[in-house]
>>> print(open('work-v4.cif').read())   # mmCIF, C-alpha atoms
data_input
#
loop_
_atom_site.group_PDB
_atom_site.id
_atom_site.type_symbol
_atom_site.label_atom_id
_atom_site.label_comp_id
_atom_site.auth_asym_id
_atom_site.auth_seq_id
_atom_site.Cartn_x
_atom_site.Cartn_y
_atom_site.Cartn_z
ATOM 1 C CA MET A 1 0.000 0.000 0.000
ATOM 2 C CA SER A 2 1.438 3.338 -0.996
ATOM 3 C CA GLY A 3 0.427 6.862 -1.898
ATOM 4 C CA ALA A 4 -1.572 9.523 -0.115
ATOM 5 C CA PRO A 5 -4.344 8.229 2.171
ATOM 6 C CA VAL A 6 -7.756 7.723 0.580
ATOM 7 C CA LEU A 7 -9.512 8.291 3.907
ATOM 8 C CA GLN A 8 -8.480 10.362 6.913
ATOM 9 C CA VAL A 9 -10.531 10.484 10.095
ATOM 10 C CA GLN A 10 -9.111 13.018 12.522
ATOM 11 C CA ALA A 11 -10.096 13.320 16.217
ATOM 12 C CA VAL A 12 -13.769 12.454 15.649
ATOM 13 C CA SER A 13 -16.109 12.421 18.654
ATOM 14 C CA LYS A 14 -19.839 11.739 18.736
ATOM 15 C CA GLY A 15 -22.469 11.356 21.432
ATOM 16 C CA TYR A 16 -26.189 11.491 22.080
ATOM 17 C CA PHE A 17 -28.476 12.773 24.798
ATOM 18 C CA ARG A 18 -30.642 10.021 26.262
ATOM 19 C CA GLY A 19 -32.886 10.481 29.249
ATOM 20 C CA GLY A 20 -31.330 13.846 30.011
ATOM 21 C CA SER A 21 -27.767 12.508 30.133
ATOM 22 C CA TYR A 22 -25.010 12.618 27.506
ATOM 23 C CA LEU A 23 -23.653 9.325 26.203
ATOM 24 C CA GLY A 24 -20.294 9.546 24.438
ATOM 25 C CA VAL A 25 -20.176 6.880 21.711
ATOM 26 C CA LEU A 26 -16.973 7.899 19.890
ATOM 27 C CA LYS A 27 -14.080 9.629 21.637
ATOM 28 C CA ASP A 28 -11.277 11.287 19.687
ATOM 29 C CA VAL A 29 -11.210 8.596 16.977
ATOM 30 C CA SER A 30 -8.497 8.886 14.303
ATOM 31 C CA LEU A 31 -7.950 6.538 11.376
ATOM 32 C CA GLN A 32 -6.536 6.549 7.870
ATOM 33 C CA LEU A 33 -6.780 4.131 4.953
ATOM 34 C CA ALA A 34 -4.314 3.820 2.092
ATOM 35 C CA PRO A 35 -5.332 3.007 -1.500
ATOM 36 C CA GLY A 36 -6.086 -0.701 -1.824
ATOM 37 C CA GLU A 37 -6.253 -1.263 1.949
ATOM 38 C CA VAL A 38 -9.001 -3.200 3.728
ATOM 39 C CA VAL A 39 -9.478 -2.211 7.372
ATOM 40 C CA ALA A 40 -11.907 -3.813 9.833
ATOM 41 C CA VAL A 41 -13.377 -2.193 12.936
ATOM 42 C CA ILE A 42 -14.447 -4.692 15.570
ATOM 43 C CA GLY A 43 -16.344 -4.248 18.802
ATOM 44 C CA ARG A 44 -19.419 -5.279 20.699
ATOM 45 C CA ARG A 45 -22.913 -4.819 19.324
ATOM 46 C CA LEU A 46 -24.226 -1.250 19.790
ATOM 47 C CA GLY A 47 -20.694 -0.154 20.654
ATOM 48 C CA GLY A 48 -20.474 2.624 18.046
ATOM 49 C CA LYS A 49 -19.220 0.815 14.917
ATOM 50 C CA SER A 50 -22.183 1.791 12.768
ATOM 51 C CA THR A 51 -22.040 5.357 14.064
ATOM 52 C CA LEU A 52 -18.413 5.640 12.960
ATOM 53 C CA LEU A 53 -19.163 4.179 9.534
ATOM 54 C CA GLU A 54 -22.111 6.530 8.997
ATOM 55 C CA ILE A 55 -19.967 9.547 9.922
ATOM 56 C CA VAL A 56 -17.345 8.425 7.405
ATOM 57 C CA ALA A 57 -20.091 8.006 4.785
ATOM 58 C CA GLY A 58 -21.459 11.493 5.463
ATOM 59 C CA ILE A 59 -24.813 10.291 6.818
ATOM 60 C CA GLN A 60 -24.146 11.595 10.323
ATOM 61 C CA ALA A 61 -22.108 14.615 11.384
ATOM 62 C CA PRO A 62 -19.472 14.307 14.131
ATOM 63 C CA ASP A 63 -19.695 16.540 17.188
ATOM 64 C CA THR A 64 -16.019 17.342 16.746
ATOM 65 C CA GLY A 65 -13.295 16.274 14.327
ATOM 66 C CA THR A 66 -13.022 15.959 10.558
ATOM 67 C CA VAL A 67 -13.306 13.340 7.815
ATOM 68 C CA THR A 68 -11.634 13.755 4.424
ATOM 69 C CA LEU A 69 -11.751 11.571 1.319
ATOM 70 C CA ALA A 70 -8.785 12.021 -1.018
ATOM 71 C CA GLY A 71 -8.191 15.398 0.613
ATOM 72 C CA ARG A 72 -11.816 16.567 0.229
ATOM 73 C CA PRO A 73 -13.980 17.146 3.321
ATOM 74 C CA VAL A 74 -16.900 14.780 3.905
ATOM 75 C CA ARG A 75 -19.887 16.867 5.001
ATOM 76 C CA ALA A 76 -23.073 15.385 6.393
ATOM 77 C CA GLN A 77 -26.238 16.996 5.072
ATOM 78 C CA ARG A 78 -29.789 17.048 6.327
ATOM 79 C CA ARG A 79 -31.795 14.559 4.288
ATOM 80 C CA ARG A 80 -34.875 15.750 2.485
ATOM 81 C CA SER A 81 -36.349 13.733 -0.357
ATOM 82 C CA VAL A 82 -33.928 11.230 -1.856
ATOM 83 C CA CYS A 83 -33.963 12.960 -5.265
ATOM 84 C CA GLU A 84 -33.392 16.394 -3.738
ATOM 85 C CA TRP A 85 -30.564 15.082 -1.546
ATOM 86 C CA TRP A 86 -28.798 13.409 -4.478
ATOM 87 C CA ALA A 87 -29.202 16.497 -6.660
ATOM 88 C CA THR A 88 -27.717 18.677 -3.928
ATOM 89 C CA ARG A 89 -24.745 16.371 -3.403
ATOM 90 C CA ARG A 90 -24.058 16.023 -7.130
ATOM 91 C CA ALA A 91 -24.211 19.790 -7.615
ATOM 92 C CA ARG A 92 -21.453 20.228 -5.016
ATOM 93 C CA SER A 93 -18.918 18.414 -7.175
ATOM 94 C CA THR A 94 -15.991 19.345 -4.940
ATOM 95 C CA ASP A 95 -17.448 17.289 -2.066
ATOM 96 C CA PRO A 96 -17.433 13.473 -1.915
ATOM 97 C CA VAL A 97 -20.856 12.108 -2.892
ATOM 98 C CA LEU A 98 -22.459 9.127 -1.169
ATOM 99 C CA GLY A 99 -23.222 6.616 -3.900
ATOM 100 C CA ARG A 100 -20.574 7.958 -6.277
ATOM 101 C CA ASP A 101 -17.310 8.445 -4.362
ATOM 102 C CA VAL A 102 -18.404 6.514 -1.268
ATOM 103 C CA VAL A 103 -20.686 3.464 -1.216
ATOM 104 C CA LEU A 104 -22.159 2.189 2.053
ATOM 105 C CA VAL A 105 -23.658 -1.326 2.082
ATOM 106 C CA THR A 106 -25.330 -2.792 5.161
ATOM 107 C CA ARG A 107 -26.361 -6.321 6.010
ATOM 108 C CA ASP A 108 -30.057 -5.344 6.134
ATOM 109 C CA GLY A 109 -30.098 -4.272 2.494
ATOM 110 C CA PRO A 110 -33.203 -2.901 0.767
ATOM 111 C CA HIS A 111 -36.860 -3.869 1.170
ATOM 112 C CA GLN A 112 -37.660 -7.505 0.511
ATOM 113 C CA GLU A 113 -39.400 -7.024 -2.856
ATOM 114 C CA LEU A 114 -36.692 -4.955 -4.562
ATOM 115 C CA GLU A 115 -35.187 -6.604 -7.624
ATOM 116 C CA VAL A 116 -31.503 -7.416 -7.219
ATOM 117 C CA CYS A 117 -30.391 -5.618 -10.410
ATOM 118 C CA LYS A 118 -32.095 -2.417 -9.271
ATOM 119 C CA TYR A 119 -30.382 -2.663 -5.884
ATOM 120 C CA VAL A 120 -26.947 -3.270 -7.392
ATOM 121 C CA GLY A 121 -27.467 -0.425 -9.850
ATOM 122 C CA GLY A 122 -28.460 2.137 -7.215
ATOM 123 C CA PRO A 123 -25.015 3.801 -6.942
ATOM 124 C CA LEU A 124 -24.833 4.002 -10.740
ATOM 125 C CA ALA A 125 -27.956 6.167 -10.788
ATOM 126 C CA VAL A 126 -26.188 8.640 -8.499
ATOM 127 C CA ARG A 127 -23.390 8.850 -11.065
ATOM 128 C CA GLY A 128 -25.938 9.861 -13.704
ATOM 129 C CA SER A 129 -25.750 6.641 -15.737
ATOM 130 C CA ARG A 130 -28.533 5.909 -18.221
ATOM 131 C CA ARG A 131 -31.101 3.306 -17.241
ATOM 132 C CA SER A 132 -29.979 0.869 -19.960
ATOM 133 C CA ASP A 133 -26.365 1.232 -18.843
ATOM 134 C CA VAL A 134 -27.312 0.724 -15.194
ATOM 135 C CA ARG A 135 -28.848 -2.675 -15.897
ATOM 136 C CA ARG A 136 -25.918 -3.761 -18.066
ATOM 137 C CA ILE A 137 -23.263 -2.678 -15.564
ATOM 138 C CA ALA A 138 -25.215 -4.176 -12.661
ATOM 139 C CA GLY A 139 -25.371 -7.504 -14.501
ATOM 140 C CA ALA A 140 -21.626 -7.400 -15.101
ATOM 141 C CA ALA A 141 -21.015 -6.584 -11.425
ATOM 142 C CA LEU A 142 -23.081 -9.604 -10.365
ATOM 143 C CA GLU A 143 -21.154 -11.805 -12.786
ATOM 144 C CA ARG A 144 -17.829 -10.636 -11.299
ATOM 145 C CA VAL A 145 -18.816 -11.932 -7.858
ATOM 146 C CA GLY A 146 -20.393 -15.155 -9.145
ATOM 147 C CA ALA A 147 -23.989 -14.101 -8.478
ATOM 148 C CA SER A 148 -25.427 -13.889 -11.997
ATOM 149 C CA ASP A 149 -28.217 -16.286 -10.998
ATOM 150 C CA CYS A 150 -29.487 -13.670 -8.524
ATOM 151 C CA ALA A 151 -30.073 -10.987 -11.173
ATOM 152 C CA GLY A 152 -33.800 -11.559 -11.737
ATOM 153 C CA ARG A 153 -34.671 -12.331 -8.131
ATOM 154 C CA CYS A 154 -35.853 -10.187 -5.232
ATOM 155 C CA TRP A 155 -33.759 -9.391 -2.168
ATOM 156 C CA GLY A 156 -36.086 -11.362 0.117
ATOM 157 C CA GLU A 157 -35.468 -14.548 -1.863
ATOM 158 C CA LEU A 158 -31.703 -14.566 -1.280
ATOM 159 C CA SER A 159 -29.737 -16.587 1.242
ATOM 160 C CA HIS A 160 -27.389 -14.919 3.740
ATOM 161 C CA TYR A 161 -24.373 -15.744 1.563
ATOM 162 C CA GLN A 162 -26.079 -14.573 -1.634
ATOM 163 C CA ARG A 163 -26.907 -11.251 0.024
ATOM 164 C CA ALA A 164 -23.233 -10.782 0.832
ATOM 165 C CA LEU A 165 -22.293 -11.429 -2.814
ATOM 166 C CA VAL A 166 -24.960 -9.024 -4.082
ATOM 167 C CA GLY A 167 -23.814 -6.425 -1.542
ATOM 168 C CA LEU A 168 -20.245 -6.668 -2.860
ATOM 169 C CA ALA A 169 -21.530 -6.319 -6.420
ATOM 170 C CA ARG A 170 -23.386 -3.127 -5.441
ATOM 171 C CA ALA A 171 -20.371 -1.764 -3.570
ATOM 172 C CA PHE A 172 -17.964 -2.007 -6.520
ATOM 173 C CA ALA A 173 -20.332 -1.544 -9.481
ATOM 174 C CA GLY A 174 -19.608 2.169 -9.817
ATOM 175 C CA ALA A 175 -15.854 2.205 -9.081
ATOM 176 C CA PRO A 176 -15.969 4.313 -5.867
ATOM 177 C CA GLN A 177 -12.951 5.568 -3.957
ATOM 178 C CA LEU A 178 -14.175 4.171 -0.640
ATOM 179 C CA VAL A 179 -16.406 1.174 0.114
ATOM 180 C CA ILE A 180 -18.001 0.857 3.563
ATOM 181 C CA LEU A 181 -19.433 -2.524 4.593
ATOM 182 C CA ASP A 182 -21.478 -2.503 7.801
ATOM 183 C CA ASP A 183 -21.652 -6.105 9.065
ATOM 184 C CA LEU A 184 -22.273 -7.346 5.495
ATOM 185 C CA LEU A 185 -19.579 -10.039 5.668
ATOM 186 C CA ASP A 186 -20.081 -10.986 9.325
ATOM 187 C CA ALA A 187 -21.514 -14.207 10.789
ATOM 188 C CA HIS A 188 -20.800 -16.532 7.865
ATOM 189 C CA ALA A 189 -19.379 -20.054 7.996
ATOM 190 C CA ARG A 190 -15.577 -20.131 7.907
ATOM 191 C CA ARG A 191 -15.413 -21.470 4.351
ATOM 192 C CA ASP A 192 -17.846 -18.791 3.161
ATOM 193 C CA THR A 193 -15.871 -16.084 4.967
ATOM 194 C CA GLN A 194 -12.689 -17.167 3.190
ATOM 195 C CA ALA A 195 -14.482 -17.161 -0.164
ATOM 196 C CA LEU A 196 -15.915 -13.683 0.495
ATOM 197 C CA SER A 197 -12.461 -12.460 1.512
ATOM 198 C CA ASP A 198 -10.947 -13.696 -1.752
ATOM 199 C CA ILE A 199 -13.708 -11.989 -3.762
ATOM 200 C CA LEU A 200 -13.376 -8.748 -1.783
ATOM 201 C CA HIS A 201 -9.614 -8.497 -2.250
ATOM 202 C CA THR A 202 -9.888 -9.354 -5.936
ATOM 203 C CA LEU A 203 -12.377 -6.506 -6.385
ATOM 204 C CA VAL A 204 -10.084 -4.129 -4.491
ATOM 205 C CA GLU A 205 -7.075 -5.124 -6.601
ATOM 206 C CA GLU A 206 -9.057 -4.714 -9.818
ATOM 207 C CA SER A 207 -10.227 -1.252 -8.744
ATOM 208 C CA GLY A 208 -6.618 -0.121 -8.411
ATOM 209 C CA ARG A 209 -7.327 2.634 -5.881
ATOM 210 C CA CYS A 210 -10.377 1.781 -3.762
ATOM 211 C CA ALA A 211 -10.070 1.358 0.015
ATOM 212 C CA VAL A 212 -12.506 -0.605 2.185
ATOM 213 C CA LEU A 213 -13.684 0.084 5.738
ATOM 214 C CA LEU A 214 -15.794 -2.686 7.246
ATOM 215 C CA SER A 215 -17.276 -3.572 10.607
ATOM 216 C CA ALA A 216 -17.415 -7.018 12.164
ATOM 217 C CA GLY A 217 -18.530 -8.438 15.480
ATOM 218 C CA TYR A 218 -16.239 -11.458 15.362
ATOM 219 C CA TYR A 219 -12.450 -11.270 15.622
ATOM 220 C CA GLU A 220 -11.935 -14.483 13.683
ATOM 221 C CA THR A 221 -13.945 -13.010 10.799
ATOM 222 C CA ALA A 222 -12.124 -9.664 10.812
ATOM 223 C CA VAL A 223 -8.622 -11.122 10.532
ATOM 224 C CA VAL A 224 -9.649 -13.221 7.528
ATOM 225 C CA LEU A 225 -11.244 -10.273 5.738
ATOM 226 C CA ALA A 226 -8.969 -7.338 6.529
ATOM 227 C CA ASP A 227 -5.361 -6.262 6.089
ATOM 228 C CA ARG A 228 -5.593 -4.418 9.405
ATOM 229 C CA VAL A 229 -7.956 -4.700 12.382
ATOM 230 C CA CYS A 230 -8.895 -1.942 14.832
ATOM 231 C CA SER A 231 -10.871 -2.442 18.049
ATOM 232 C CA LEU A 232 -13.482 0.065 19.203
ATOM 233 C CA GLU A 233 -13.231 -0.027 22.980
ATOM 234 C CA ASN A 234 -15.149 2.303 25.251
ATOM 235 C CA GLY A 235 -15.544 4.705 22.332
ATOM 236 C CA THR A 236 -11.810 4.756 21.574
ATOM 237 C CA LEU A 237 -10.232 3.150 18.515
ATOM 238 C CA VAL A 238 -7.303 0.868 19.340
ATOM 239 C CA HIS A 239 -5.079 0.093 16.356
ATOM 240 C CA ASN A 240 -3.947 -3.506 16.012
ATOM 241 C CA SER A 241 -1.638 -4.626 13.221
ATOM 242 C CA GLY A 242 -0.944 -7.961 11.623
ATOM 243 C CA PRO A 243 -1.169 -9.799 8.300
ATOM 244 C CA ARG A 244 -4.495 -10.991 6.962
ATOM 245 C CA VAL A 245 -5.184 -14.686 7.635
ATOM 246 C CA ARG A 246 -5.220 -16.388 4.246
ATOM 247 C CA ALA A 247 -7.378 -19.315 3.194
ATOM 248 C CA GLY A 248 -6.197 -22.511 4.854
ATOM 249 C CA GLN A 249 -4.489 -20.675 7.714
ATOM 250 C CA HIS A 250 -5.724 -20.531 11.290
ATOM 251 C CA LEU A 251 -5.628 -17.669 13.746
ATOM 252 C CA PRO A 252 -3.145 -18.547 16.523
ATOM 253 C CA ALA A 253 -4.923 -19.703 19.678
ATOM 254 C CA ALA A 254 -3.022 -17.201 21.834
ATOM 255 C CA THR A 255 -4.227 -14.362 19.608
ATOM 256 C CA VAL A 256 -7.840 -15.525 19.869
ATOM 257 C CA VAL A 257 -7.594 -15.674 23.656
ATOM 258 C CA GLN A 258 -6.060 -12.194 23.807
ATOM 259 C CA LEU A 259 -8.743 -10.714 21.578
ATOM 260 C CA HIS A 260 -11.582 -12.328 23.491
ATOM 261 C CA ARG A 261 -10.164 -11.039 26.776
ATOM 262 C CA ARG A 262 -10.145 -7.580 25.233
ATOM 263 C CA ALA A 263 -13.757 -8.113 24.137
ATOM 264 C CA ASP A 264 -14.760 -9.103 27.674
ATOM 265 C CA ARG A 265 -13.259 -5.873 28.996
ATOM 266 C CA GLY A 266 -15.095 -3.934 26.324
ATOM 267 C CA ILE A 267 -18.447 -5.507 27.194
ATOM 268 C CA ARG A 268 -18.042 -4.363 30.783
ATOM 269 C CA ASP A 269 -16.872 -0.879 29.853
ATOM 270 C CA ILE A 270 -18.523 0.184 26.620
ATOM 271 C CA GLY A 271 -21.811 2.037 26.910
ATOM 272 C CA ARG A 272 -24.627 1.371 24.472
ATOM 273 C CA GLY A 273 -23.855 3.315 21.288
#
>>> encode(input="work-v4.cif", output="C-alpha cells")
Amino acid sequence: MSGAPVLQVQAVSKGYFRGGSYLGVLKDVSLQLAPGEVVAVIGRRLGGKSTLLEIVAGIQAPDTGTVTLAGRPVRAQRRRSVCEWWATRRARSTDPVLGRDVVLVTRDGPHQELEVCKYVGGPLAVRGSRRSDVRRIAGAALERVGASDCAGRCWGELSHYQRALVGLARAFAGAPQLVILDDLLDAHARRDTQALSDILHTLVEESGRCAVLLSAGYYETAVVLADRVCSLENGTLVHNSGPRVRAGQHLPAATVVQLHRRADRGIRDIGRG
C-alpha cells in the first residue's frame, strides 16, 4: 500500500443525549486508509461501529473532528427527499458524494421485494448513468462476484451468503474511492468467509485505488477479511496490526484468547452506542 491516504478520520467524537444525560459513543477517533487497503473495525454490538461508519459516509455529522476523502472534506447533510438530496450532493462536485465516491452497504439491504439488479445499480444512478447502462453494468457486477443467478430475483429470496455477494456487487459496481461494509460479511461459515475475503480483495485489486472500511462483530472473521484490524473499545479506537489470515491458515490460539479477553473488557466498559 502506498500513496496519499484515501480516507483520513481526525479526532472524531460523537455522542447522544438520552434520558437527560449525555452518552459519548466515539471519543477522539483517528484513522486513515491507504489506496487498496481493507481495514476492519471490531467491537461489541451497539458499541459505536455503525455510528463511525455513517460519519465516514457522510450520513451523520461528528460533534467534533473531521473526515476527508482524497483530501476533500466529507460533510453530512440534512436529508430531504432522496432525489433532492442526491441532486444537492451532485451539484457540489468538490465534495465526496455518497453513492458515487463513497458506497455504504449494510447487512439489512433494501426492502424484501426490490429486484436485485435495481439494488446493485443504485449507486450508478447517483453517477448519472442511463437506465440501460445501469442494468448492463449491474449484470456485469453480479457476474464478477459469481452471483449472476441472482439478477432476476428479489432481495427477500436470497440466502445470507447470496446477500453478501450481491452487496459486494453493489459496492464495486460504480468504481468508488471508498467502500463501507457494515456487518455485510459478518456471521458466515468459515469457508464462506474465506471465499468472500478472496472476492473482496480481488475486487479491491481490480479497482486499483479503492479502500474498504468494514465492521465485524467477530475477531476471527475480521482477521480473515482485513489487512488491518482496529478495536473500538469504550468509544476509543485501538489500532492492532498484523497480516491478513489467508485461506487454509488458522488464527493462533493465543491471539484468539487475547482478543476475546479484550472483548470481555469492552463488554463491561462500553456504553450502548
>>> atom_distance(input="work-v4.cif", atom1="atom CA of A:Asn234", atom2="atom CA of A:Thr64")
17.3 Å
>>> resolve_selection(input="work-v4.cif", expression="the PyMOL selection byres ((chain A and resi 206) around 12)", output="JSON, numbers by chain")
{"A": [35, 36, 144, 172, 173, 175, 199, 200, 201, 202, 203, 204, 205, 207, 208, 209, 210, 211]}
>>> write_last_selection(input="work-v4.cif", atoms="C-alpha atoms", output="PDB file, keeping the file's coordinate frame")
ATOM      1  CA  PRO A  35      -5.332   3.007  -1.500  1.00  0.00           C
ATOM      2  CA  GLY A  36      -6.086  -0.701  -1.824  1.00  0.00           C
ATOM      3  CA  ARG A 144     -17.829 -10.636 -11.299  1.00  0.00           C
ATOM      4  CA  PHE A 172     -17.964  -2.007  -6.520  1.00  0.00           C
ATOM      5  CA  ALA A 173     -20.332  -1.544  -9.481  1.00  0.00           C
ATOM      6  CA  ALA A 175     -15.854   2.205  -9.081  1.00  0.00           C
ATOM      7  CA  ILE A 199     -13.708 -11.989  -3.762  1.00  0.00           C
ATOM      8  CA  LEU A 200     -13.376  -8.748  -1.783  1.00  0.00           C
ATOM      9  CA  HIS A 201      -9.614  -8.497  -2.250  1.00  0.00           C
ATOM     10  CA  THR A 202      -9.888  -9.354  -5.936  1.00  0.00           C
ATOM     11  CA  LEU A 203     -12.377  -6.506  -6.385  1.00  0.00           C
ATOM     12  CA  VAL A 204     -10.084  -4.129  -4.491  1.00  0.00           C
ATOM     13  CA  GLU A 205      -7.075  -5.124  -6.601  1.00  0.00           C
ATOM     14  CA  SER A 207     -10.227  -1.252  -8.744  1.00  0.00           C
ATOM     15  CA  GLY A 208      -6.618  -0.121  -8.411  1.00  0.00           C
ATOM     16  CA  ARG A 209      -7.327   2.634  -5.881  1.00  0.00           C
ATOM     17  CA  CYS A 210     -10.377   1.781  -3.762  1.00  0.00           C
ATOM     18  CA  ALA A 211     -10.070   1.358   0.015  1.00  0.00           C
TER      19      ALA A 211
END
>>> resolve_selection(input="work-v4.cif", expression="the PyMOL selection byres ((chain A and resi 162) around 12)", output="MDAnalysis selection string")
chainID A and resid 107 109 116 142 145:151 153:161 163:169 184:185 188 192 195:196
>>> residues_around(input="work-v4.cif", residues="A:Ala226", least_positions_apart="2", cutoff="8 Å", atoms="all atoms listed in the file", output="ChimeraX atom specification")
/A:38-40,197,222-224,228-229,244
>>> residues_around(input="work-v4.cif", residues="A:Leu232", least_positions_apart="3", cutoff="9 Å", atoms="all atoms listed in the file", output="NGL selection string")
:A and (26 or 41-44 or 47-49 or 235-239 or 266 or 270)
>>> closest_residue(input="work-v4.cif", among="A:Pro62, A:Val67, A:Leu181, A:Gly139", to="A:Asp108", atoms="all atoms listed in the file")
A:Leu181
>>> residues_near_point(input="work-v4.cif", point="(-15.2, 1.8, 0.4)", cutoff="7 Å", atoms="all atoms listed in the file", output="PDB file with C-alpha atoms, in the frame of the given file")
ATOM      1  CA  VAL A 102     -18.404   6.514  -1.268  1.00  0.00           C
ATOM      2  CA  VAL A 103     -20.686   3.464  -1.216  1.00  0.00           C
ATOM      3  CA  PRO A 176     -15.969   4.313  -5.867  1.00  0.00           C
ATOM      4  CA  GLN A 177     -12.951   5.568  -3.957  1.00  0.00           C
ATOM      5  CA  LEU A 178     -14.175   4.171  -0.640  1.00  0.00           C
ATOM      6  CA  VAL A 179     -16.406   1.174   0.114  1.00  0.00           C
ATOM      7  CA  ILE A 180     -18.001   0.857   3.563  1.00  0.00           C
ATOM      8  CA  CYS A 210     -10.377   1.781  -3.762  1.00  0.00           C
ATOM      9  CA  ALA A 211     -10.070   1.358   0.015  1.00  0.00           C
ATOM     10  CA  VAL A 212     -12.506  -0.605   2.185  1.00  0.00           C
ATOM     11  CA  LEU A 213     -13.684   0.084   5.738  1.00  0.00           C
TER      12      LEU A 213
END
>>> atom_distance(input="work-v4.cif", atom1="atom CA of A:Gly121", atom2="atom CA of A:Arg170")
6.6 Å
>>> resolve_selection(input="work-v4.cif", expression="the PyMOL selection byres ((chain A and resi 9-25) around 12)", output="MDAnalysis selection string")
chainID A and resid 5:8 26:33 46:58 60:74 213 232:237 269:273
>>> write_last_selection(input="work-v4.cif", atoms="C-alpha atoms", output="PDB file, keeping the file's coordinate frame")
ATOM      1  CA  PRO A   5      -4.344   8.229   2.171  1.00  0.00           C
ATOM      2  CA  VAL A   6      -7.756   7.723   0.580  1.00  0.00           C
ATOM      3  CA  LEU A   7      -9.512   8.291   3.907  1.00  0.00           C
ATOM      4  CA  GLN A   8      -8.480  10.362   6.913  1.00  0.00           C
ATOM      5  CA  LEU A  26     -16.973   7.899  19.890  1.00  0.00           C
ATOM      6  CA  LYS A  27     -14.080   9.629  21.637  1.00  0.00           C
ATOM      7  CA  ASP A  28     -11.277  11.287  19.687  1.00  0.00           C
ATOM      8  CA  VAL A  29     -11.210   8.596  16.977  1.00  0.00           C
ATOM      9  CA  SER A  30      -8.497   8.886  14.303  1.00  0.00           C
ATOM     10  CA  LEU A  31      -7.950   6.538  11.376  1.00  0.00           C
ATOM     11  CA  GLN A  32      -6.536   6.549   7.870  1.00  0.00           C
ATOM     12  CA  LEU A  33      -6.780   4.131   4.953  1.00  0.00           C
ATOM     13  CA  LEU A  46     -24.226  -1.250  19.790  1.00  0.00           C
ATOM     14  CA  GLY A  47     -20.694  -0.154  20.654  1.00  0.00           C
ATOM     15  CA  GLY A  48     -20.474   2.624  18.046  1.00  0.00           C
ATOM     16  CA  LYS A  49     -19.220   0.815  14.917  1.00  0.00           C
ATOM     17  CA  SER A  50     -22.183   1.791  12.768  1.00  0.00           C
ATOM     18  CA  THR A  51     -22.040   5.357  14.064  1.00  0.00           C
ATOM     19  CA  LEU A  52     -18.413   5.640  12.960  1.00  0.00           C
ATOM     20  CA  LEU A  53     -19.163   4.179   9.534  1.00  0.00           C
ATOM     21  CA  GLU A  54     -22.111   6.530   8.997  1.00  0.00           C
ATOM     22  CA  ILE A  55     -19.967   9.547   9.922  1.00  0.00           C
ATOM     23  CA  VAL A  56     -17.345   8.425   7.405  1.00  0.00           C
ATOM     24  CA  ALA A  57     -20.091   8.006   4.785  1.00  0.00           C
ATOM     25  CA  GLY A  58     -21.459  11.493   5.463  1.00  0.00           C
ATOM     26  CA  GLN A  60     -24.146  11.595  10.323  1.00  0.00           C
ATOM     27  CA  ALA A  61     -22.108  14.615  11.384  1.00  0.00           C
ATOM     28  CA  PRO A  62     -19.472  14.307  14.131  1.00  0.00           C
ATOM     29  CA  ASP A  63     -19.695  16.540  17.188  1.00  0.00           C
ATOM     30  CA  THR A  64     -16.019  17.342  16.746  1.00  0.00           C
ATOM     31  CA  GLY A  65     -13.295  16.274  14.327  1.00  0.00           C
ATOM     32  CA  THR A  66     -13.022  15.959  10.558  1.00  0.00           C
ATOM     33  CA  VAL A  67     -13.306  13.340   7.815  1.00  0.00           C
ATOM     34  CA  THR A  68     -11.634  13.755   4.424  1.00  0.00           C
ATOM     35  CA  LEU A  69     -11.751  11.571   1.319  1.00  0.00           C
ATOM     36  CA  ALA A  70      -8.785  12.021  -1.018  1.00  0.00           C
ATOM     37  CA  GLY A  71      -8.191  15.398   0.613  1.00  0.00           C
ATOM     38  CA  ARG A  72     -11.816  16.567   0.229  1.00  0.00           C
ATOM     39  CA  PRO A  73     -13.980  17.146   3.321  1.00  0.00           C
ATOM     40  CA  VAL A  74     -16.900  14.780   3.905  1.00  0.00           C
ATOM     41  CA  LEU A 213     -13.684   0.084   5.738  1.00  0.00           C
ATOM     42  CA  LEU A 232     -13.482   0.065  19.203  1.00  0.00           C
ATOM     43  CA  GLU A 233     -13.231  -0.027  22.980  1.00  0.00           C
ATOM     44  CA  ASN A 234     -15.149   2.303  25.251  1.00  0.00           C
ATOM     45  CA  GLY A 235     -15.544   4.705  22.332  1.00  0.00           C
ATOM     46  CA  THR A 236     -11.810   4.756  21.574  1.00  0.00           C
ATOM     47  CA  LEU A 237     -10.232   3.150  18.515  1.00  0.00           C
ATOM     48  CA  ASP A 269     -16.872  -0.879  29.853  1.00  0.00           C
ATOM     49  CA  ILE A 270     -18.523   0.184  26.620  1.00  0.00           C
ATOM     50  CA  GLY A 271     -21.811   2.037  26.910  1.00  0.00           C
ATOM     51  CA  ARG A 272     -24.627   1.371  24.472  1.00  0.00           C
ATOM     52  CA  GLY A 273     -23.855   3.315  21.288  1.00  0.00           C
TER      53      GLY A 273
END
>>> closest_residue(input="work-v4.cif", among="A:Gly3, A:Gly217, A:Gly174, A:Gly152", to="A:Gly122", atoms="all atoms listed in the file")
A:Gly174
>>> atom_distance(input="work-v4.cif", atom1="atom CA of A:Thr221", atom2="atom CA of A:Ala189")
9.3 Å
>>> residues_near_point(input="work-v4.cif", point="(-24.9, 10.0, -4.8)", cutoff="6 Å", atoms="only C-alpha atoms", output="list in words")
Trp86, Val97, Leu98, Gly99, Arg100 and Val126 of chain A
>>> write_last_selection(input="work-v4.cif", atoms="C-alpha atoms", output="PDB file, in the coordinates of the input")
ATOM      1  CA  TRP A  86     -28.798  13.409  -4.478  1.00  0.00           C
ATOM      2  CA  VAL A  97     -20.856  12.108  -2.892  1.00  0.00           C
ATOM      3  CA  LEU A  98     -22.459   9.127  -1.169  1.00  0.00           C
ATOM      4  CA  GLY A  99     -23.222   6.616  -3.900  1.00  0.00           C
ATOM      5  CA  ARG A 100     -20.574   7.958  -6.277  1.00  0.00           C
ATOM      6  CA  VAL A 126     -26.188   8.640  -8.499  1.00  0.00           C
TER       7      VAL A 126
END
>>> axis_aligned_box(input="work-v4.cif", around="stretch 169-181 of chain A", padding_each_side="3 Å", output="lines of an AutoDock Vina configuration file")
center_x = -18.2
center_y = -0.4
center_z = -2.6
size_x = 16.4
size_y = 17.9
size_z = 20.4
